[in-house]
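This report refers to the structure that appears directly beneath it.
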Amino acid sequence: MPKASETVLEIDLKALEHNYRYLRSRLNPETKFLAVVKAFAYGSDAVAIAKKLEHLEVDYFAVAYVKEGVALRDAGIQTPILVLHPQAANFEELIERCLEPSLYAPKILREFLDVAKKMEQKNYPVHVKFNTGLNRLGFWENDIDHIQEKIKGRTEIKIMSIFSHLAASDDLEEKEFTHNQIDAFEKIALVFDKKIDHTPFKHLLNTSGIINYPQAQFDMVRSGIGLYGFGNEAEIDAELKPVATLKTIISQIHNIEPDETVGYNRAFVSDGYRVTATLPLGHADGIGRQYGNGKAYVIVNGQKAPIIGNVCMDMIMIDITNITCIEGDEVIVFGENPNAEQFASAANTISYELLTGISQRVKRSILGM
Ligand SMILES: *Cc1c(COP(=O)(O)O)cnc(C)c1O
């Protein structure tokens, strides 16, 4: 790994490939794999990630919004892209760029049919989402008749798949609830297949679903966090490799006297002679204030250095008393150790939030192409 000379998020495509192969190895060989690359591929680099996975012959991509899908098409990605949460305002662009909408409610179904008709589409691929207990997006089971009625005789769209999303696939204390969701989806699938004249494929599982409920893999799974190296349990994290490593360097070192303070609002008060280092990243880069005041630590030359005082917009200060280091030395914020999950837990959050919050100001560096 190259040494950092500024703040950089390294994206390791070899780690991505390892995670993809590992997750696939837990599935039936014929099960299709959808890679979730929303939010800049969980804060990494959606184009680099999608290109690598397309090369590995992933079956589908998913993004949250149309704009994210357009960016992938602009980069030359040709694999089908499911848009999980499209808005009617972007339907024309969605169709022009061959993106496939999730239709999750009567209103959005109606709006999509109108645009598809206006644009003279035939068999445009769409996906129908059902709510089985997350109560976020999705038709209800008793909407099936409504859907059937609305699409009867309409040639503009073709329902490629039906799907649902688990609420607590990572929480084994919620096993019963998850089994109920799986049963509900199975029932919806049966009823749905009877009522339309072709058989859409079915999908339900996210990463933790793949790990904990492989019996419910249906025709395809949708994995995000697992591809980026996290499985929501330590045992699985040990099998996966973190794709993103956030590194920075020491800009300046200070020797602090007893009772001196460090940073805004003088939040750190020194209890003795201390050595501090200032780093060029802050809350505008995605390391929020919740990590300050001793909550999280970074790694300097293999040793733990706590973040002291309040996190600033563009800087954090760390305590390097007893660590041998000089200005310009590399600092690891998260990567293999601590990994993003461990770093995030210092501030009571999860790897998903930490990773997707690393702002676009941070340079991305792609390794292992
Ligand atoms: C984000 C998302 C996923 C991916 O979940 P992971 O826990 O990251 O694997 C799958 N399905 C839907 C509908 C999502 O919104």
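Just remember, in the structure tokens the first chain shown is A, the second B, etc., residues are 1-based per chain, and ligands are 1-based in the order shown.
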
Inset, instruction - All residues within 6 Å of ligand 1 are required, counting only C-alpha atoms and all ligand atoms; please report them as a PyMOL selection string. - result: chain A and resi 36+165+206-207+222-226

Legend entry - For Val243 (chain A): contacts at 9 Å, only C-alpha atoms, fewer than 2 positions along chain excluded, given as a PyMOL selection string: chain A and resi 10-16+19+44+227-229+241+245+335

Inset, instruction - Excluding Ser359 (chain A) and any residue of its chain fewer than 4 positions from it, enumerate the residues within 12 Å of it, using only C-alpha atoms, and give them as a PyMOL selection string. - result: chain A and resi 7-9+39-40+42-45+246+281-288+313-314+353-355+363-364

Inset, instruction - Output as a VMD selection string all residues of region 109-244 of chain A that backbone DSSP marks as helix (DSSP H, G or I). - result: chain A and resid 109 to 118 141 to 151 172 to 195 207 to 212 214 to 216 234 to 237

I need the chosen residues saved as an mmCIF file, in the first residue's frame, with C-alpha atoms.
```
data_model
loop_
_atom_site.group_PDB
_atom_site.id
_atom_site.type_symbol
_atom_site.label_atom_id
_atom_site.label_comp_id
_atom_site.auth_asym_id
_atom_site.auth_seq_id
_atom_site.Cartn_x
_atom_site.Cartn_y
_atom_site.Cartn_z
ATOM 1 C CA LEU A 109 -47.240 2.963 -10.840
ATOM 2 C CA ARG A 110 -49.802 5.288 -12.428
ATOM 3 C CA GLU A 111 -47.207 7.988 -13.030
ATOM 4 C CA PHE A 112 -44.792 5.531 -14.613
ATOM 5 C CA LEU A 113 -47.456 4.079 -16.903
ATOM 6 C CA ASP A 114 -48.324 7.611 -18.070
ATOM 7 C CA VAL A 115 -44.706 8.462 -18.936
ATOM 8 C CA ALA A 116 -44.062 5.072 -20.565
ATOM 9 C CA LYS A 117 -47.133 5.574 -22.724
ATOM 10 C CA LYS A 118 -46.144 9.096 -23.695
ATOM 11 C CA GLU A 141 -50.376 -7.836 -0.339
ATOM 12 C CA ASN A 142 -53.950 -6.710 -0.849
ATOM 13 C CA ASP A 143 -52.824 -4.292 -3.595
ATOM 14 C CA ILE A 144 -52.181 -7.201 -5.969
ATOM 15 C CA ASP A 145 -55.650 -6.989 -7.505
ATOM 16 C CA HIS A 146 -55.210 -3.238 -7.980
ATOM 17 C CA ILE A 147 -51.850 -3.779 -9.728
ATOM 18 C CA GLN A 148 -53.325 -6.446 -11.957
ATOM 19 C CA GLU A 149 -56.213 -4.220 -12.903
ATOM 20 C CA LYS A 150 -53.925 -1.276 -13.690
ATOM 21 C CA ILE A 151 -51.589 -3.255 -15.923
ATOM 22 C CA LEU A 172 -31.238 -12.935 15.434
ATOM 23 C CA GLU A 173 -33.516 -11.919 18.299
ATOM 24 C CA GLU A 174 -35.967 -10.921 15.574
ATOM 25 C CA LYS A 175 -35.904 -14.332 13.906
ATOM 26 C CA GLU A 176 -39.622 -14.858 14.279
ATOM 27 C CA PHE A 177 -40.428 -11.489 12.715
ATOM 28 C CA THR A 178 -38.044 -12.210 9.835
ATOM 29 C CA HIS A 179 -39.580 -15.649 9.265
ATOM 30 C CA ASN A 180 -42.968 -13.954 9.109
ATOM 31 C CA GLN A 181 -41.627 -11.544 6.482
ATOM 32 C CA ILE A 182 -40.236 -14.442 4.452
ATOM 33 C CA ASP A 183 -43.579 -16.289 4.676
ATOM 34 C CA ALA A 184 -45.469 -13.144 3.699
ATOM 35 C CA PHE A 185 -43.258 -12.637 0.656
ATOM 36 C CA GLU A 186 -43.649 -16.268 -0.386
ATOM 37 C CA LYS A 187 -47.396 -15.895 -0.222
ATOM 38 C CA ILE A 188 -47.325 -12.667 -2.235
ATOM 39 C CA ALA A 189 -45.137 -14.371 -4.842
ATOM 40 C CA LEU A 190 -47.588 -17.268 -5.192
ATOM 41 C CA VAL A 191 -50.620 -15.026 -5.565
ATOM 42 C CA PHE A 192 -48.802 -12.640 -7.904
ATOM 43 C CA ASP A 193 -47.595 -15.400 -10.244
ATOM 44 C CA LYS A 194 -51.139 -16.721 -10.569
ATOM 45 C CA LYS A 195 -52.461 -13.340 -11.589
ATOM 46 C CA THR A 207 -26.239 -8.910 3.064
ATOM 47 C CA SER A 208 -27.316 -10.106 6.507
ATOM 48 C CA GLY A 209 -30.168 -12.003 4.869
ATOM 49 C CA ILE A 210 -27.611 -13.902 2.753
ATOM 50 C CA ILE A 211 -25.707 -14.783 5.934
ATOM 51 C CA ASN A 212 -28.654 -15.625 8.201
ATOM 52 C CA PRO A 214 -29.962 -18.333 2.809
ATOM 53 C CA GLN A 215 -33.046 -20.560 2.447
ATOM 54 C CA ALA A 216 -34.891 -17.390 1.330
ATOM 55 C CA ALA A 234 -17.694 -10.022 13.879
ATOM 56 C CA GLU A 235 -17.558 -13.610 12.578
ATOM 57 C CA ILE A 236 -18.507 -12.518 9.067
ATOM 58 C CA ASP A 237 -16.351 -9.380 9.210
#
```

What parts of region 113-280 of chain A does DSSP call strand (DSSP E or B)? I'd like the answer as a CSV table (one decimal) with N, CA, C and O atoms, in the first residue's frame.
```csv
chain,number,residue,atom,x,y,z
A,124,TYR,N,-41.3,-2.2,-21.2
A,124,TYR,CA,-40.2,-1.5,-20.4
A,124,TYR,C,-40.1,-2.3,-19.1
A,124,TYR,O,-41.0,-2.4,-18.4
A,125,PRO,N,-38.8,-2.7,-18.8
A,125,PRO,CA,-38.6,-3.5,-17.5
A,125,PRO,C,-38.8,-2.7,-16.3
A,125,PRO,O,-38.2,-1.6,-16.1
A,126,VAL,N,-39.7,-3.2,-15.4
A,126,VAL,CA,-40.0,-2.5,-14.1
A,126,VAL,C,-39.9,-3.6,-13.0
A,126,VAL,O,-40.0,-4.8,-13.3
A,127,HIS,N,-39.8,-3.2,-11.8
A,127,HIS,CA,-39.8,-4.1,-10.6
A,127,HIS,C,-40.8,-3.6,-9.6
A,127,HIS,O,-41.0,-2.4,-9.4
A,128,VAL,N,-41.6,-4.6,-9.0
A,128,VAL,CA,-42.6,-4.2,-8.1
A,128,VAL,C,-42.2,-4.6,-6.7
A,128,VAL,O,-41.8,-5.7,-6.4
A,129,LYS,N,-42.2,-3.6,-5.8
A,129,LYS,CA,-41.8,-3.8,-4.4
A,129,LYS,C,-43.0,-3.9,-3.5
A,129,LYS,O,-43.9,-3.2,-3.6
A,130,PHE,N,-42.9,-4.9,-2.6
A,130,PHE,CA,-43.9,-5.2,-1.6
A,130,PHE,C,-43.4,-4.9,-0.2
A,130,PHE,O,-42.2,-5.2,0.1
A,139,PHE,N,-45.9,-1.9,-2.0
A,139,PHE,CA,-47.3,-2.2,-2.1
A,139,PHE,C,-47.6,-3.2,-0.9
A,139,PHE,O,-46.8,-4.0,-0.5
A,157,ILE,N,-45.2,-1.7,-20.1
A,157,ILE,CA,-44.3,-2.2,-19.1
A,157,ILE,C,-44.3,-3.7,-19.0
A,157,ILE,O,-45.2,-4.4,-19.4
A,158,LYS,N,-43.1,-4.2,-18.6
A,158,LYS,CA,-43.0,-5.7,-18.2
A,158,LYS,C,-42.5,-5.8,-16.8
A,158,LYS,O,-41.4,-5.2,-16.5
A,159,ILE,N,-43.2,-6.5,-16.0
A,159,ILE,CA,-42.7,-6.7,-14.6
A,159,ILE,C,-41.6,-7.7,-14.6
A,159,ILE,O,-41.9,-8.9,-14.8
A,160,MET,N,-40.4,-7.3,-14.4
A,160,MET,CA,-39.2,-8.2,-14.4
A,160,MET,C,-39.1,-9.0,-13.1
A,160,MET,O,-38.7,-10.1,-13.1
A,161,SER,N,-39.4,-8.3,-12.0
A,161,SER,CA,-39.2,-9.0,-10.7
A,161,SER,C,-40.2,-8.4,-9.7
A,161,SER,O,-40.7,-7.2,-9.9
A,162,ILE,N,-40.4,-9.2,-8.7
A,162,ILE,CA,-41.1,-8.6,-7.5
A,162,ILE,C,-40.1,-8.8,-6.3
A,162,ILE,O,-39.3,-9.8,-6.3
A,163,PHE,N,-40.1,-7.9,-5.4
A,163,PHE,CA,-39.2,-8.0,-4.3
A,163,PHE,C,-39.7,-7.4,-3.0
A,163,PHE,O,-40.8,-6.7,-3.0
A,201,PHE,N,-38.9,-12.7,-11.7
A,201,PHE,CA,-38.0,-13.3,-10.7
A,201,PHE,C,-38.3,-12.6,-9.3
A,201,PHE,O,-38.8,-11.5,-9.3
A,202,LYS,N,-37.8,-13.3,-8.3
A,202,LYS,CA,-38.1,-12.8,-6.9
A,202,LYS,C,-36.8,-12.6,-6.1
A,202,LYS,O,-35.8,-13.3,-6.3
A,203,HIS,N,-36.8,-11.5,-5.3
A,203,HIS,CA,-35.7,-11.3,-4.4
A,203,HIS,C,-36.0,-10.6,-3.1
A,203,HIS,O,-37.0,-9.8,-3.1
A,220,MET,N,-32.6,-14.1,-6.7
A,220,MET,CA,-31.6,-13.1,-6.7
A,220,MET,C,-31.4,-12.6,-5.3
A,220,MET,O,-32.4,-12.7,-4.5
A,221,VAL,N,-30.2,-12.1,-4.9
A,221,VAL,CA,-30.0,-11.4,-3.6
A,221,VAL,C,-29.5,-10.0,-4.0
A,221,VAL,O,-29.0,-9.8,-5.0
A,222,ARG,N,-29.6,-9.1,-3.0
A,222,ARG,CA,-29.2,-7.7,-3.1
A,222,ARG,C,-28.2,-7.4,-2.0
A,222,ARG,O,-28.6,-7.2,-0.9
A,223,SER,N,-26.9,-7.3,-2.3
A,223,SER,CA,-25.9,-7.1,-1.3
A,223,SER,C,-25.3,-5.7,-1.5
A,223,SER,O,-24.8,-5.4,-2.6
A,244,ALA,N,-12.6,0.0,1.8
A,244,ALA,CA,-12.1,1.4,2.0
A,244,ALA,C,-11.2,1.6,3.2
A,244,ALA,O,-11.5,1.1,4.3
A,245,THR,N,-10.1,2.3,3.0
A,245,THR,CA,-9.2,2.7,4.1
A,245,THR,C,-9.1,4.2,4.0
A,245,THR,O,-8.7,4.7,3.0
A,246,LEU,N,-9.4,4.8,5.2
A,246,LEU,CA,-9.2,6.3,5.2
A,246,LEU,C,-7.9,6.6,5.9
A,246,LEU,O,-7.6,6.2,7.0
A,247,LYS,N,-7.1,7.3,5.1
A,247,LYS,CA,-5.7,7.7,5.6
A,247,LYS,C,-5.5,9.2,5.6
A,247,LYS,O,-6.2,9.9,4.8
A,248,THR,N,-4.7,9.7,6.4
A,248,THR,CA,-4.3,11.1,6.4
A,248,THR,C,-2.9,11.2,6.8
A,248,THR,O,-2.2,10.2,6.9
A,249,ILE,N,-2.4,12.4,7.1
A,249,ILE,CA,-1.1,12.7,7.5
A,249,ILE,C,-1.1,13.7,8.7
A,249,ILE,O,-2.1,14.4,8.9
A,252,GLN,N,0.8,19.2,11.6
A,252,GLN,CA,1.7,19.9,12.6
A,252,GLN,C,1.6,19.2,14.0
A,252,GLN,O,0.6,18.6,14.3
A,253,ILE,N,2.8,19.3,14.7
A,253,ILE,CA,2.8,18.8,16.0
A,253,ILE,C,3.0,19.9,17.0
A,253,ILE,O,3.8,20.9,16.7
A,254,HIS,N,2.3,19.8,18.2
A,254,HIS,CA,2.5,20.9,19.2
A,254,HIS,C,2.8,20.2,20.5
A,254,HIS,O,2.3,19.1,20.9
A,255,ASN,N,3.7,20.9,21.3
A,255,ASN,CA,3.9,20.5,22.7
A,255,ASN,C,3.0,21.4,23.6
A,255,ASN,O,3.1,22.6,23.6
A,256,ILE,N,2.2,20.7,24.4
A,256,ILE,CA,1.2,21.4,25.2
A,256,ILE,C,1.6,21.4,26.6
A,256,ILE,O,2.0,20.3,27.2
A,261,THR,N,-5.3,24.5,26.7
A,261,THR,CA,-6.5,23.8,26.1
A,261,THR,C,-6.2,23.7,24.6
A,261,THR,O,-5.4,24.4,24.0
A,262,VAL,N,-7.0,22.8,24.0
A,262,VAL,CA,-6.8,22.5,22.6
A,262,VAL,C,-8.2,22.6,21.9
A,262,VAL,O,-9.2,22.0,22.3
A,268,PHE,N,-10.7,20.5,25.1
A,268,PHE,CA,-9.7,19.6,25.7
A,268,PHE,C,-8.8,20.4,26.7
A,268,PHE,O,-8.2,21.4,26.2
A,269,VAL,N,-8.7,20.0,27.9
A,269,VAL,CA,-7.9,20.7,28.9
A,269,VAL,C,-6.8,19.7,29.3
A,269,VAL,O,-7.0,18.6,29.7
A,274,ARG,N,1.8,17.4,27.2
A,274,ARG,CA,1.2,16.5,26.2
A,274,ARG,C,1.7,16.9,24.8
A,274,ARG,O,2.1,18.1,24.5
A,275,VAL,N,1.7,16.0,23.9
A,275,VAL,CA,2.1,16.3,22.5
A,275,VAL,C,0.8,16.0,21.7
A,275,VAL,O,0.2,14.9,21.8
A,276,THR,N,0.5,17.0,20.8
A,276,THR,CA,-0.7,16.8,20.0
A,276,THR,C,-0.3,16.9,18.5
A,276,THR,O,0.7,17.5,18.2
A,277,ALA,N,-1.1,16.3,17.7
A,277,ALA,CA,-0.9,16.4,16.2
A,277,ALA,C,-2.2,16.9,15.6
A,277,ALA,O,-3.3,16.5,16.0
A,278,THR,N,-2.1,17.7,14.6
A,278,THR,CA,-3.3,18.3,13.9
A,278,THR,C,-3.3,17.6,12.5
A,278,THR,O,-2.3,17.5,11.8
A,279,LEU,N,-4.5,17.1,12.2
A,279,LEU,CA,-4.7,16.3,10.9
A,279,LEU,C,-5.6,17.0,10.0
A,279,LEU,O,-6.6,17.7,10.4
```

Legend entry - Which of A:Ser169, A:Thr155, A:Asn348, A:Gln342 sits closest to Gln121 (chain A) [using only C-alpha atoms]: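 Nearest to Gln121 (chain A): A:Thr155.
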